[in-house]
Each structure stands twice: as structure tokens, then as C-alpha cells.
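Before any comments, here is the structure.
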Amino acid sequence: MKCVRCETDNNLKERTEAGGRCKNCNHPFAFDPKAGSKFTDIFFNNSIQTISSENTLFFTPKQLWYLIEKRLLNKNNINPLGCSVFLIIFFGFFSLGFQLEIRIYLSIVFLVLILLFTWGSQSQDCQPKTRRSFARAMQILGGLTLVTVLVWFFKLSTVTNTAFFLFLLGIGLGIFLIYLGTRQLSIQHKIPQPFQFHQSQIIQWLIRWQEINGKVTNVLRT
């Protein structure tokens, strides 16, 4: 964690040995995630600099509260892009007829990702934009499932009762995922977005910050 004064990087051991201070300049840390804070000094300072446009504008604690809330939410979000890349690889492996053991393993991971996408599309811990991304990822997943099942059944498999059953199962799964993704997109406006911390905490954080780093002169009292 970097010191806000000299920008020296201090690990947990070094901060602890220095009594919560910078090992280089002995400046105290106001916020330490390892001590229960939600962010670092650099994060809080950057938020103040952003909301005040590099100390050229006045701002209220409520405005700072909204900015930090938004940044913390973005920081904790999960991006479904990496999962989507895996799915493309999965469908490639599956349709090419890899060994049964590999396909079973990939199928388990595939089911886990379906659960992840379902959770992400309705979780209050994610921003609306991220929830919509998860819902669209489910639609794409459903489309890929349909294409893969069709290619597998008509090009790579022998027509048997088992193959036909798997074909129907795959088609049903693909249609269900497309439906579920569409439904999740349609209900996004109904999902409440709770705040991660109470507005009164921003006052406490500002007091703590000013005790250590000096007065913030462009904050307006409300």
C-alpha cells in the first residue's frame, strides 16, 4: 500500500512494524484495508481530487459519498468476459470430440458458469451495467449451446436413442438460457441497488483524513 505523502510502497509487515506509518517518511496511514477499511489512502485522496477537479471546485460530503460508492461498486464487480472466452474454448473442445474425461470436466465447469451468470444477472452486489452483461452472456451462451448441439448431432454423432435424447436436452438447455437471459434483462429495473455504506460514514472518514493529512478546504458543509 502506497503512502499518500511520499508514494513509498509499504507491505503489511512494514506498516505493522512502523505502527501504522510509512517506513520512509513516518506519515500515518488514515485507512488500511487490512485493518478493516474499505479502501486505501490513495483511493480516498484520488476520490477527493476527482470530485474537486484537482482542488478547483467545491463539493459536498454527499457528492463524495456517491463517487466513492460508485468506485467501490466498480472495484468489486466481476467481468463476464473471461468466462465467455472459456465458453468459446469449451464449445470448441466439446464439438471436436475430445476424450470423455475432459468433456465431463468441462461440462462441470460449464454448469458452474451457468450458475455464475445467473447469480451475476440478479445480484445486488453488481452494478446494473454488469448485471446486464451477465444476462446478455446467458443469451450468447444459449445461442452457442444450440449451434454446438446441432453441429454435434448432424455432423459428429451416430443417430441413436441416446444421441437423440442428448440432442433434445441440449436444444432445451439452449432455448432455456436464451429465455432466462432475456427475462433477466427485462427485470433489471426492478432490482434495488443498495448502498455499501451509510452516508454518515463519509463525515467520519473526512474527519479522520483531515486529522492526519490536513484540512480539506473545498468541502462544503451541509
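Residue numbering restarts at 1 in every chain; chains get A, B, ... in the order shown in the C-alpha cells, and ligands count up from 1 in that same order.
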Please identify all polymer residues within 8 Å of segment 168-175 of chain A, counting only C-alpha atoms, omitting same-chain residues fewer than 3 positions from it, and present them as a PyMOL selection string.
chain A and resi 141-146+149+164-165+178-179
Where in chain A does DSSP assign helix (DSSP H, G or I), given as a ChimeraX atom specification?
/A:12-17,33-35,41-51,61-76,81-95,100-120,128-156,161-186,188-190,200-213
Taking 6 positions as the minimum chain separation for residues in the same chain, which residues sit within 9 Å of segment 4-13 of chain A when counting only C-alpha atoms? Answer as a VMD selection string.
chain A and resid 21 to 25 27 29 34 41 to 42 45 213
Write the residues of the preceding selection, restricted to C-alpha atoms, as a compact mmCIF listing (two decimals), in the first residue's frame.
```
# COMPACT_ATOMS: atom_id res chain seq x y z
CA ARG A 21 3.07 4.64 9.50
CA CYS A 22 5.12 4.86 6.33
CA LYS A 23 8.52 3.21 6.61
CA ASN A 24 10.09 6.04 4.60
CA CYS A 25 8.58 9.32 5.82
CA HIS A 27 3.49 9.58 7.79
CA PHE A 29 -1.94 5.86 7.22
CA LYS A 34 -6.03 -4.89 6.37
CA ASP A 41 -5.35 6.48 1.45
CA ILE A 42 -4.51 6.74 -2.25
CA ASN A 45 -7.21 11.06 -1.97
CA ASN A 213 -3.49 14.98 6.20
```
Tell me, as a ChimeraX atom specification, which residues lie within 8 Å of Leu64 of chain A, counting only C-alpha atoms; anything in the same chain fewer than 2 positions away does not count.
/A:47-48,51,59-62,66-68,202
Let me see the file: selected residues, C-alpha atoms, as a PDB file, in the first residue's frame.
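The result, written out as part01.pdb:
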```
ATOM      1  CA  SER A  47     -11.593  10.461  -4.974  1.00  0.00           C
ATOM      2  CA  ILE A  48     -11.224  13.920  -3.426  1.00  0.00           C
ATOM      3  CA  ILE A  51     -14.712  15.240  -7.194  1.00  0.00           C
ATOM      4  CA  PHE A  59     -18.081  19.678  -3.278  1.00  0.00           C
ATOM      5  CA  THR A  60     -20.377  18.341  -0.587  1.00  0.00           C
ATOM      6  CA  PRO A  61     -19.832  15.214   1.516  1.00  0.00           C
ATOM      7  CA  LYS A  62     -22.867  13.706  -0.205  1.00  0.00           C
ATOM      8  CA  TYR A  66     -21.826   8.962  -4.256  1.00  0.00           C
ATOM      9  CA  LEU A  67     -18.454   8.929  -6.017  1.00  0.00           C
ATOM     10  CA  ILE A  68     -16.826   6.546  -3.536  1.00  0.00           C
ATOM     11  CA  ILE A 202     -18.296   9.814   4.878  1.00  0.00           C
TER      12      ILE A 202
END
```
With a distance cut-off of 10 Å and only C-alpha atoms, select the neighbouring residues of Ala35 of chain A, excluding the residue or stretch itself and same-chain residues fewer than 3 positions from it, and output the selection as a PDB file with C-alpha atoms, in the first residue's frame.
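Just written: selection-v3.pdb:
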```
ATOM      1  CA  LEU A  12       1.563  -5.197   5.782  1.00  0.00           C
ATOM      2  CA  GLY A  20       0.665   2.144  11.027  1.00  0.00           C
ATOM      3  CA  PHE A  31      -7.122   3.989   6.004  1.00  0.00           C
ATOM      4  CA  ASP A  32      -5.806   0.452   5.821  1.00  0.00           C
ATOM      5  CA  LYS A  38     -12.899  -0.377   2.550  1.00  0.00           C
TER       6      LYS A  38
END
```
